[in-house]
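Asks: mmCIF, C-alpha atoms, file work00.cif:
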```cif
data_protein
loop_
_atom_site.label_atom_id
_atom_site.label_comp_id
_atom_site.auth_asym_id
_atom_site.auth_seq_id
_atom_site.Cartn_x
_atom_site.Cartn_y
_atom_site.Cartn_z
CA MET A 1 29.16 4.05 26.60
CA ARG A 2 31.12 3.22 23.46
CA GLU A 3 31.11 6.86 22.35
CA ALA A 4 32.34 8.02 25.76
CA VAL A 5 35.24 5.57 25.63
CA VAL A 6 36.16 6.74 22.12
CA ASP A 7 36.03 10.41 23.20
CA LEU A 8 38.24 9.72 26.21
CA ALA A 9 40.69 7.89 23.96
CA ALA A 10 40.71 10.85 21.54
CA ILE A 11 41.41 13.27 24.40
CA GLY A 12 44.19 11.00 25.68
CA VAL A 13 45.87 10.71 22.26
CA ALA A 14 45.66 14.48 21.67
CA ALA A 15 47.11 15.15 25.15
CA LEU A 16 49.98 12.69 24.64
CA VAL A 17 50.85 14.27 21.29
CA ALA A 18 50.73 17.74 22.90
CA MET A 19 53.04 16.64 25.73
CA GLU A 20 55.45 15.00 23.27
CA ALA A 21 55.54 18.15 21.13
CA ALA A 22 56.08 20.29 24.24
CA GLY A 23 58.94 18.08 25.43
CA THR A 24 60.61 18.20 22.01
CA ALA A 25 60.22 22.01 21.84
CA GLU A 26 61.74 22.40 25.29
CA ILE A 27 64.70 20.17 24.41
CA LEU A 28 65.33 22.11 21.21
CA GLY A 29 64.86 25.40 23.03
CA THR A 30 62.23 26.70 20.60
CA VAL A 31 59.57 27.10 23.33
CA THR A 32 60.54 27.50 26.98
CA GLY A 33 59.56 29.11 30.25
CA ALA A 34 56.29 30.94 30.59
CA THR A 35 55.57 30.58 26.87
CA LEU A 36 55.79 26.80 27.18
CA PHE A 37 53.49 26.81 30.22
CA PHE A 38 50.93 29.03 28.47
CA ALA A 39 51.06 26.81 25.36
CA LEU A 40 50.47 23.71 27.48
CA VAL A 41 47.47 25.34 29.19
CA LEU A 42 45.91 26.26 25.83
CA SER A 43 46.66 22.77 24.52
CA GLY A 44 44.94 21.24 27.56
CA VAL A 45 41.88 23.38 26.94
CA GLY A 46 41.84 22.32 23.28
CA CYS A 47 42.22 18.63 24.14
CA LEU A 48 39.46 18.74 26.77
CA ALA A 49 37.15 20.46 24.26
CA LEU A 50 37.15 17.24 22.25
CA TRP A 51 34.71 15.84 24.83
CA TRP A 52 32.01 18.01 23.22
CA ARG A 53 33.07 17.38 19.62
CA ARG A 54 30.00 15.23 18.85
CA ARG A 55 27.49 17.78 20.16
CA TRP A 56 29.19 20.89 18.77
CA PRO A 57 31.73 19.73 16.16
CA VAL A 58 31.99 23.10 14.38
CA GLY A 59 32.28 25.01 17.68
CA VAL A 60 35.12 22.80 18.92
CA ALA A 61 36.89 23.13 15.56
CA LEU A 62 36.59 26.94 15.71
CA LEU A 63 38.04 26.97 19.25
CA LEU A 64 41.05 24.95 18.09
CA ALA A 65 41.44 27.24 15.05
CA ALA A 66 41.76 30.13 17.49
CA ILE A 67 44.47 28.27 19.46
CA MET A 68 46.43 27.09 16.41
CA PRO A 69 48.15 30.46 15.65
CA ILE A 70 49.55 30.41 19.19
CA THR A 71 50.80 26.82 19.53
CA GLU A 72 51.10 23.75 17.37
CA PHE A 73 50.79 21.45 20.36
CA VAL A 74 47.06 21.05 19.52
CA GLY A 75 47.90 19.53 16.13
CA ALA A 76 46.40 16.10 16.97
CA ALA A 77 43.31 17.70 18.50
CA VAL A 78 42.89 19.78 15.33
CA LEU A 79 42.98 16.67 13.11
CA ILE A 80 40.40 14.92 15.32
CA ALA A 81 38.15 17.98 15.26
CA VAL A 82 38.37 18.37 11.47
CA TYR A 83 37.61 14.65 11.06
CA THR A 84 34.57 15.01 13.33
CA VAL A 85 33.23 17.99 11.35
CA THR A 86 33.68 16.15 8.05
CA ALA A 87 32.02 12.98 9.38
CA ASN A 88 28.98 14.88 10.68
CA ARG A 89 28.52 17.86 8.38
CA ARG A 90 28.13 18.44 4.64
CA TRP A 91 30.89 19.37 2.21
CA PRO A 92 30.61 23.19 2.38
CA VAL A 93 30.99 23.26 6.17
CA SER A 94 33.76 20.64 6.13
CA LEU A 95 35.80 22.46 3.49
CA ALA A 96 35.30 25.80 5.24
CA VAL A 97 36.55 24.41 8.56
CA ALA A 98 39.53 22.67 6.91
CA GLY A 99 40.41 25.85 5.01
CA LEU A 100 40.20 27.88 8.22
CA HIS A 101 42.72 25.58 9.88
CA VAL A 102 45.05 25.84 6.89
CA VAL A 103 44.99 29.62 7.25
CA ALA A 104 45.24 29.49 11.05
CA PHE A 105 48.53 27.57 10.89
CA VAL A 106 50.23 30.14 8.63
CA PRO A 107 50.91 32.76 11.38
CA TYR A 108 52.45 30.14 13.65
CA SER A 109 54.66 28.79 10.85
CA LEU A 110 55.85 32.30 10.12
CA HIS A 111 56.52 33.11 13.79
CA ARG A 112 58.19 29.79 14.60
CA PRO A 113 59.41 28.19 11.37
CA ASP A 114 60.32 24.51 11.49
CA PRO A 115 64.12 24.15 11.42
CA ASP A 116 63.93 21.01 9.27
CA LEU A 117 60.94 21.60 6.94
CA GLY A 118 60.91 25.35 6.73
CA ILE A 119 57.77 27.46 6.29
CA LEU A 120 56.55 25.89 3.03
CA GLY A 121 57.34 22.36 4.13
CA ALA A 122 55.55 22.77 7.46
CA ASN A 123 52.46 24.23 5.76
CA ALA A 124 52.50 21.49 3.12
CA LEU A 125 52.66 18.82 5.82
CA HIS A 126 49.83 20.52 7.69
CA VAL A 127 47.67 20.60 4.54
CA ALA A 128 48.45 16.92 3.86
CA LEU A 129 47.45 15.86 7.38
CA LEU A 130 44.22 17.90 7.17
CA SER A 131 43.46 16.29 3.79
CA ILE A 132 43.82 12.83 5.33
CA ALA A 133 41.47 13.81 8.16
CA VAL A 134 38.93 15.16 5.65
CA ALA A 135 39.22 12.03 3.48
CA VAL A 136 38.70 9.67 6.42
CA GLY A 137 35.76 11.73 7.66
CA THR A 138 34.21 11.69 4.19
CA VAL A 139 34.44 7.91 4.00
CA VAL A 140 32.89 7.53 7.44
CA ARG A 141 30.05 9.94 6.59
CA ALA A 142 29.34 8.13 3.30
CA GLN A 143 29.20 4.79 5.10
CA ARG A 144 26.85 6.21 7.73
CA GLU A 145 24.56 7.62 5.06
CA LYS A 146 24.59 4.31 3.22
CA ASP A 147 23.74 2.44 6.44
CA ALA A 148 20.96 4.92 7.17
CA VAL A 149 19.48 4.46 3.70
CA LEU A 150 19.64 0.67 4.03
CA ARG A 151 18.10 0.83 7.49
CA GLU A 152 15.28 3.09 6.29
CA ARG A 153 14.68 0.81 3.33
CA ALA A 154 14.59 -2.26 5.57
CA GLU A 155 12.18 -0.53 7.97
CA ALA A 156 9.98 0.56 5.04
CA GLU A 157 9.93 -2.98 3.67
CA ALA A 158 9.13 -4.34 7.11
CA ARG A 159 6.25 -1.86 7.48
CA LEU A 160 5.02 -2.71 3.99
CA HIS A 161 5.16 -6.43 4.76
CA LEU A 162 3.33 -5.89 8.05
CA ASP A 163 0.64 -3.82 6.31
CA ARG A 164 0.29 -6.50 3.64
CA VAL A 165 -0.08 -9.21 6.28
CA ARG A 166 -2.69 -7.15 8.09
CA VAL A 167 -4.65 -6.50 4.89
CA LEU A 168 -4.56 -10.19 4.01
CA GLU A 169 -5.74 -11.06 7.50
CA ARG A 170 -8.60 -8.60 7.23
CA GLU A 171 -9.57 -10.07 3.87
CA ARG A 172 -9.41 -13.59 5.30
CA ILE A 173 -11.64 -12.63 8.21
CA ALA A 174 -14.06 -10.87 5.86
CA ARG A 175 -14.22 -13.94 3.59
CA GLU A 176 -14.92 -16.24 6.52
CA MET A 177 -17.62 -13.92 7.83
CA HIS A 178 -19.06 -13.69 4.33
CA ASP A 179 -19.42 -17.48 4.34
CA VAL A 180 -21.26 -17.31 7.65
CA LEU A 181 -23.47 -14.52 6.33
CA ALA A 182 -24.33 -16.47 3.18
CA HIS A 183 -25.20 -19.49 5.31
CA ARG A 184 -27.57 -17.48 7.51
CA ILE A 185 -29.22 -15.73 4.57
CA SER A 186 -29.85 -19.07 2.86
CA LEU A 187 -31.57 -20.34 6.01
CA VAL A 188 -33.73 -17.23 6.16
CA SER A 189 -34.61 -17.61 2.49
CA LEU A 190 -35.55 -21.26 2.86
CA HIS A 191 -37.80 -20.61 5.84
CA ALA A 192 -39.42 -17.69 4.06
CA GLY A 193 -39.96 -19.87 0.98
CA ALA A 194 -41.58 -22.53 3.14
CA LEU A 195 -43.99 -19.97 4.56
CA GLU A 196 -44.78 -18.84 1.02
CA VAL A 197 -45.60 -22.25 -0.46
CA ARG A 198 -46.96 -24.09 2.60
CA SER A 199 -50.52 -23.10 3.34
CA ASP A 200 -51.19 -26.04 5.63
CA LEU A 201 -48.86 -25.02 8.45
CA SER A 202 -50.27 -24.73 11.93
CA PRO A 203 -50.02 -21.46 13.84
CA GLU A 204 -47.30 -22.97 16.02
CA GLU A 205 -45.26 -23.98 12.96
CA ILE A 206 -45.74 -20.56 11.40
CA ALA A 207 -44.64 -18.90 14.64
CA ARG A 208 -41.61 -21.19 14.88
CA ALA A 209 -40.61 -20.45 11.28
CA ALA A 210 -41.13 -16.73 11.80
CA ARG A 211 -38.98 -16.85 14.94
CA THR A 212 -36.26 -18.69 13.01
CA ILE A 213 -36.41 -16.04 10.29
CA ARG A 214 -36.20 -13.25 12.86
CA VAL A 215 -33.22 -14.82 14.66
CA GLY A 216 -31.47 -15.61 11.38
CA ALA A 217 -32.02 -12.08 10.08
CA HIS A 218 -30.70 -10.61 13.33
CA GLU A 219 -27.59 -12.80 13.22
CA ALA A 220 -27.08 -11.96 9.55
CA LEU A 221 -27.21 -8.24 10.38
CA GLU A 222 -24.66 -8.77 13.15
CA ASP A 223 -22.37 -10.62 10.74
CA LEU A 224 -22.79 -7.89 8.13
CA ARG A 225 -21.98 -5.24 10.71
CA GLU A 226 -18.79 -7.11 11.65
CA ILE A 227 -17.79 -7.46 7.99
CA LEU A 228 -18.19 -3.72 7.46
CA GLY A 229 -16.27 -3.08 10.66
CA VAL A 230 -13.37 -5.24 9.51
CA LEU A 231 -13.22 -3.53 6.13
CA ARG A 232 -13.46 -0.02 7.56
CA ALA A 233 -11.41 -0.29 10.72
CA ALA A 234 -7.66 0.06 11.08
CA PRO A 235 -5.72 -3.15 10.36
CA ASP A 236 -4.76 -3.68 13.99
CA THR A 237 -8.34 -3.55 15.32
CA ALA A 238 -9.46 -6.90 13.92
CA ASP A 239 -8.15 -8.81 16.93
CA GLY A 240 -11.25 -8.00 18.96
CA LEU A 241 -13.59 -9.95 16.68
CA ARG A 242 -15.32 -13.04 17.95
CA PRO A 243 -13.44 -16.26 17.20
CA GLN A 244 -14.24 -18.04 13.97
CA PRO A 245 -16.08 -21.39 14.25
CA GLY A 246 -14.44 -24.77 13.82
CA LEU A 247 -15.45 -28.42 13.93
CA ALA A 248 -16.36 -28.00 17.59
CA ASP A 249 -19.35 -25.97 16.31
CA LEU A 250 -20.41 -28.64 13.80
CA ASP A 251 -23.31 -29.87 15.95
CA ARG A 252 -24.79 -26.39 16.08
CA LEU A 253 -24.42 -25.99 12.31
CA VAL A 254 -26.09 -29.33 11.64
CA ALA A 255 -28.89 -28.53 14.09
CA ALA A 256 -29.63 -25.27 12.27
CA VAL A 257 -29.75 -27.07 8.91
CA ARG A 258 -32.00 -29.80 10.26
CA ALA A 259 -34.30 -27.15 11.69
CA ALA A 260 -34.64 -25.82 8.13
CA GLY A 261 -35.97 -29.21 7.01
CA THR A 262 -32.84 -30.82 5.58
CA VAL A 263 -32.01 -34.36 6.67
CA VAL A 264 -28.33 -34.58 7.65
CA GLU A 265 -26.48 -37.72 8.70
CA VAL A 266 -23.08 -37.23 10.32
CA GLU A 267 -20.52 -39.99 10.74
CA ASN A 268 -17.75 -38.58 12.90
CA LEU A 269 -14.84 -41.02 13.16
CA LEU A 270 -12.24 -38.50 14.31
CA PRO A 271 -10.02 -39.59 17.20
CA ASP A 272 -10.34 -37.73 20.46
CA VAL A 273 -7.17 -35.68 20.02
CA ALA A 274 -6.51 -32.01 19.43
CA LEU A 275 -7.11 -30.85 15.85
CA PRO A 276 -5.07 -27.94 14.44
CA ALA A 277 -7.08 -24.74 14.60
CA ALA A 278 -6.51 -23.88 10.92
CA ALA A 279 -7.60 -27.33 9.75
CA SER A 280 -10.63 -27.22 12.04
CA ARG A 281 -11.77 -23.86 10.65
CA THR A 282 -11.20 -24.91 7.06
CA ALA A 283 -13.08 -28.19 7.52
CA TYR A 284 -15.97 -26.29 9.07
CA ARG A 285 -16.07 -23.95 6.05
CA VAL A 286 -16.08 -26.92 3.69
CA LEU A 287 -19.07 -28.44 5.46
CA GLN A 288 -20.84 -25.11 5.74
CA GLU A 289 -20.44 -24.38 2.03
CA GLY A 290 -21.52 -27.92 1.14
CA LEU A 291 -24.66 -27.72 3.28
CA THR A 292 -25.52 -24.32 1.86
CA ASN A 293 -25.16 -25.61 -1.70
CA ALA A 294 -27.20 -28.71 -0.90
CA ARG A 295 -30.08 -26.60 0.35
CA LYS A 296 -29.84 -24.30 -2.65
CA HIS A 297 -29.51 -26.85 -5.43
CA ALA A 298 -30.96 -30.06 -3.97
CA PRO A 299 -33.70 -29.07 -1.51
CA GLY A 300 -35.19 -32.05 0.27
CA SER A 301 -32.22 -34.28 -0.49
CA GLU A 302 -30.52 -36.12 2.35
CA VAL A 303 -26.96 -35.01 3.06
CA ARG A 304 -24.36 -37.47 4.35
CA ILE A 305 -21.21 -36.26 6.09
CA ARG A 306 -18.20 -38.36 7.03
CA LEU A 307 -15.20 -37.17 9.03
CA ASP A 308 -12.16 -39.33 9.69
CA ARG A 309 -8.39 -39.34 9.78
CA ALA A 310 -6.49 -41.00 6.98
CA PRO A 311 -3.68 -43.48 7.75
CA ASP A 312 -1.17 -40.95 6.44
CA GLY A 313 -2.33 -38.42 9.06
CA GLU A 314 -4.65 -36.23 6.98
CA LEU A 315 -8.08 -34.98 7.98
CA ARG A 316 -10.66 -36.26 5.50
CA VAL A 317 -13.97 -34.48 5.01
CA ARG A 318 -16.57 -36.02 2.69
CA MET A 319 -20.10 -34.93 1.92
CA CYS A 320 -22.61 -36.10 -0.67
CA ASN A 321 -26.24 -35.52 -1.52
CA ARG A 322 -28.55 -36.95 -4.15
CA LEU A 323 -29.30 -34.76 -7.17
CA VAL A 324 -32.94 -33.75 -7.39
CA PRO A 325 -34.81 -31.39 -9.73
CA VAL A 326 -35.44 -27.96 -8.23
CA GLY A 327 -39.14 -27.12 -8.31
CA GLY A 328 -39.38 -24.15 -5.98
CA PRO A 329 -37.70 -20.81 -5.55
CA VAL A 330 -33.92 -20.96 -5.72
CA VAL A 331 -31.70 -18.98 -3.41
CA PRO A 332 -29.46 -16.80 -5.59
CA GLY A 333 -25.70 -17.06 -5.23
CA ALA A 334 -22.49 -15.69 -6.68
CA ARG A 335 -21.50 -19.15 -8.02
CA VAL A 336 -17.96 -18.68 -6.75
CA GLY A 337 -18.26 -20.47 -3.40
CA LEU A 338 -16.56 -23.69 -4.46
CA ALA A 339 -13.80 -21.78 -6.27
CA GLY A 340 -13.08 -19.73 -3.16
CA LEU A 341 -13.29 -22.88 -1.06
CA SER A 342 -10.72 -24.61 -3.27
CA GLU A 343 -8.39 -21.65 -2.83
CA ARG A 344 -8.88 -21.68 0.94
CA VAL A 345 -8.15 -25.41 1.19
CA GLY A 346 -5.13 -25.07 -1.10
CA LEU A 347 -3.69 -22.25 1.01
CA GLY A 348 -4.04 -24.53 4.00
CA GLY A 349 -1.88 -27.19 2.33
CA GLY A 350 -4.74 -29.52 1.37
CA TRP A 351 -6.81 -30.26 -1.70
CA LEU A 352 -10.48 -30.21 -2.58
CA GLU A 353 -12.47 -32.03 -5.23
CA HIS A 354 -16.14 -31.82 -6.10
CA GLY A 355 -18.48 -32.95 -8.81
CA VAL A 356 -21.24 -35.33 -9.81
CA ARG A 357 -20.61 -39.01 -9.20
CA ARG A 358 -22.61 -42.15 -9.93
CA THR A 359 -23.05 -44.59 -7.06
CA PRO A 360 -22.89 -48.39 -7.50
CA ASP A 361 -26.70 -48.30 -7.46
CA GLY A 362 -26.70 -45.99 -10.49
CA GLU A 363 -27.81 -42.94 -8.51
CA LEU A 364 -26.32 -39.53 -9.31
CA VAL A 365 -24.95 -37.68 -6.30
CA PHE A 366 -22.98 -34.53 -5.81
CA GLN A 367 -19.83 -35.21 -3.79
CA LEU A 368 -17.57 -32.79 -1.99
CA ALA A 369 -14.30 -34.11 -0.53
CA ALA A 370 -11.38 -32.41 1.13
CA ARG A 371 -8.10 -33.55 2.66
CA LEU A 372 -6.31 -31.28 5.12
CA PRO A 373 -2.91 -31.62 6.81
CA TRP A 374 -3.02 -32.98 10.34
CA PRO A 375 0.58 -33.23 11.60
CA GLY A 376 1.48 -35.43 14.49
#
```
Can I see the file as structure tokens?
Replies:
Amino acid sequence: MREAVVDLAAIGVAALVAMEAAGTAEILGTVTGATLFFALVLSGVGCLALWWRRRWPVGVALLLAAIMPITEFVGAAVLIAVYTVTANRRWPVSLAVAGLHVVAFVPYSLHRPDPDLGILGANALHVALLSIAVAVGTVVRAQREKDAVLRERAEAEARLHLDRVRVLERERIAREMHDVLAHRISLVSLHAGALEVRSDLSPEEIARAARTIRVGAHEALEDLREILGVLRAAPDTADGLRPQPGLADLDRLVAAVRAAGTVVEVENLLPDVALPAAASRTAYRVLQEGLTNARKHAPGSEVRIRLDRAPDGELRVRMCNRLVPVGGPVVPGARVGLAGLSERVGLGGGWLEHGVRRTPDGELVFQLAARLPWPG
């Protein structure tokens, strides 16, 4: 719409200049009668051709160059056409079109010399006006190219940022699924170790342990398949994954750990209000990692969990277990779980601390504590 208005304005200005020039020529007697009428018709054709100057700028300029030796009434239309060519085409084409119009004006100036400027003066003025049109068109073209470069750069940076966000999201999902996978594998290993060292189990207990191993192995394979799918798939295909667990799934996690033979006591003092999804997932990961480590490094030790909300509005997660000597097979690990967990909690705006503590009774326990933001 804006371009159409500008084109109509250009046609109107060119037509007004043509009519003014025709009126002046008639008053002075330089162009009259049929010649004047023919010049006005050609000028009208040249002015109307400006409507197509954006689609065919060189073609419109060539049409006006053909009219210029006959009448100078199209002078304004010529300047607009030369400006359009310069603003939309490269230097060689722009200079060729401007040079053509310089040459095209010479026959007219020789046939009808200006009474005030003369032949040289009229041609010099024509060259000066064409130079202004070329200069303005050059500035406009340079600004357009600069805007295009900036726009392309901004779009490239936006795409790069989006790709980076997608990659980070894929890595986050893969890390969370890795935690789940490690948890399931540790359960399978513990049950398998129990079958290995316990020769007094009844057939029902052996069947139950074997069923737990089978289910855990199947779930571990499903988790591994999802991890590989996340890492191999396109960045925008991770949305179809199953939702990651949060504190709402804590009972199921604790039940699975208890089924593996670990005594777990949970003291949940959280108020019955909505918990932020990010804090819920992070707290679940803290507890999952803590339970996994307890089974690995302190098998048979009771684990105590406490969840509450601090007066300052933070979610507090605390877990501790007594240190015991490990006498059986140990589940291998990468020994980076707590480091990754600290990073995860830190990215969520909280903090994590862990280490060996001595209770008032003189007992050594391993304690894991986290505080997570809980606005509102």
Asks: Between atom CA of A:Arg371 and atom CA of A:Leu352, what is the distance, to one decimal in Å?
Replies: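 Atom CA of A:Leu352 lies at a distance of 6.7 Å from atom CA of A:Arg371.
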Asks: Quick one: pull the distance between atom CA of A:Ala124 and atom CA of A:Arg141, Å, one decimal.
Replies: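 Computing the Euclidean distance for atom CA of A:Ala124 and atom CA of A:Arg141 yields 25.5 Å.
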Asks: Of the candidates A:Ala21, A:Val60, A:Trp51, A:Ala96, which one gets nearest to A:Glu3 if we count all atoms listed in the file?
Replies: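 Smallest separation from A:Glu3 among the options: A:Trp51.
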Asks: I'd like the contact shell of A:Ala49 - 10 Å cut-off, only C-alpha atoms, skipping same-chain residues fewer than 3 positions apart - returned as a list in words.
Replies: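 The contact residues come out as Ile11, Ser43, Gly44, Val45, Gly46, Trp52, Arg53, Trp56, Pro57, Gly59, Val60, Ala61, Leu63, Leu64, Ala77 and Ala81 of chain A.
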Asks: Find the spatial neighbours of stretch 70-74 of chain A, counting only C-alpha atoms, within a cut-off of 12 Å - ignore same-chain residues fewer than 5 positions away - and output them as a count of residues only.
Replies: 54
Asks: If we count only C-alpha atoms, what is near A:Ser301 at a cut-off of 9 Å, once residues fewer than 6 positions away on the same chain are taken out, given as JSON, numbers by chain?
Replies: {"A": [262, 263, 294, 295, 321, 322, 323, 324]}
Asks: Write out, as a PDB file, in the frame of the given file, the residues just selected, with C-alpha atoms.
Replies:
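Generated output (result14.pdb):
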```pdb
ATOM      1  CA  THR A 262     -32.840 -30.820   5.580  1.00  0.00           C
ATOM      2  CA  VAL A 263     -32.010 -34.360   6.670  1.00  0.00           C
ATOM      3  CA  ALA A 294     -27.200 -28.710  -0.900  1.00  0.00           C
ATOM      4  CA  ARG A 295     -30.080 -26.600   0.350  1.00  0.00           C
ATOM      5  CA  ASN A 321     -26.240 -35.520  -1.520  1.00  0.00           C
ATOM      6  CA  ARG A 322     -28.550 -36.950  -4.150  1.00  0.00           C
ATOM      7  CA  LEU A 323     -29.300 -34.760  -7.170  1.00  0.00           C
ATOM      8  CA  VAL A 324     -32.940 -33.750  -7.390  1.00  0.00           C
TER       9      VAL A 324
END
```
Asks: Could you tell me which of A:Leu62, A:Cys320, A:Ile132, A:Ala339 comes closest to A:Arg358 if we count only C-alpha atoms?
Replies: A:Cys320
Asks: Tell me, as a compact mmCIF listing (two decimals) with C-alpha atoms, in the coordinates of the input, which residues lie within 10 Å of A:Leu253, counting all atoms listed in the file; anything in the same chain fewer than 4 positions away does not count.
Replies:
```txt
# COMPACT_ATOMS: atom_id res chain seq x y z
CA HIS A 183 -25.20 -19.49 5.31
CA PRO A 245 -16.08 -21.39 14.25
CA LEU A 247 -15.45 -28.42 13.93
CA ALA A 248 -16.36 -28.00 17.59
CA ASP A 249 -19.35 -25.97 16.31
CA VAL A 257 -29.75 -27.07 8.91
CA ARG A 258 -32.00 -29.80 10.26
CA ALA A 259 -34.30 -27.15 11.69
CA TYR A 284 -15.97 -26.29 9.07
CA LEU A 287 -19.07 -28.44 5.46
CA GLN A 288 -20.84 -25.11 5.74
CA LEU A 291 -24.66 -27.72 3.28
```
Asks: Take the point (-3.5, -33.4, 5.9) as written in the file and pick out every residue within 9 Å of it, counting only C-alpha atoms; give the list as a VMD selection string.
Replies: chain A and resid 279 309 to 310 312 to 316 349 to 351 371 to 375
Asks: For the selection just defined, write its residues with C-alpha atoms to a file, as a PDB file, in the coordinates of the input.
Replies:
```
ATOM      1  CA  ALA A 279      -7.600 -27.330   9.750  1.00  0.00           C
ATOM      2  CA  ARG A 309      -8.390 -39.340   9.780  1.00  0.00           C
ATOM      3  CA  ALA A 310      -6.490 -41.000   6.980  1.00  0.00           C
ATOM      4  CA  ASP A 312      -1.170 -40.950   6.440  1.00  0.00           C
ATOM      5  CA  GLY A 313      -2.330 -38.420   9.060  1.00  0.00           C
ATOM      6  CA  GLU A 314      -4.650 -36.230   6.980  1.00  0.00           C
ATOM      7  CA  LEU A 315      -8.080 -34.980   7.980  1.00  0.00           C
ATOM      8  CA  ARG A 316     -10.660 -36.260   5.500  1.00  0.00           C
ATOM      9  CA  GLY A 349      -1.880 -27.190   2.330  1.00  0.00           C
ATOM     10  CA  GLY A 350      -4.740 -29.520   1.370  1.00  0.00           C
ATOM     11  CA  TRP A 351      -6.810 -30.260  -1.700  1.00  0.00           C
ATOM     12  CA  ARG A 371      -8.100 -33.550   2.660  1.00  0.00           C
ATOM     13  CA  LEU A 372      -6.310 -31.280   5.120  1.00  0.00           C
ATOM     14  CA  PRO A 373      -2.910 -31.620   6.810  1.00  0.00           C
ATOM     15  CA  TRP A 374      -3.020 -32.980  10.340  1.00  0.00           C
ATOM     16  CA  PRO A 375       0.580 -33.230  11.600  1.00  0.00           C
TER      17      PRO A 375
END
```
Asks: Between atom CA of A:Arg159 and atom CA of A:Gln143, measure the distance and give it in Å to one decimal.
Replies: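 Rounded to one decimal, the two atoms are 24.0 Å apart.
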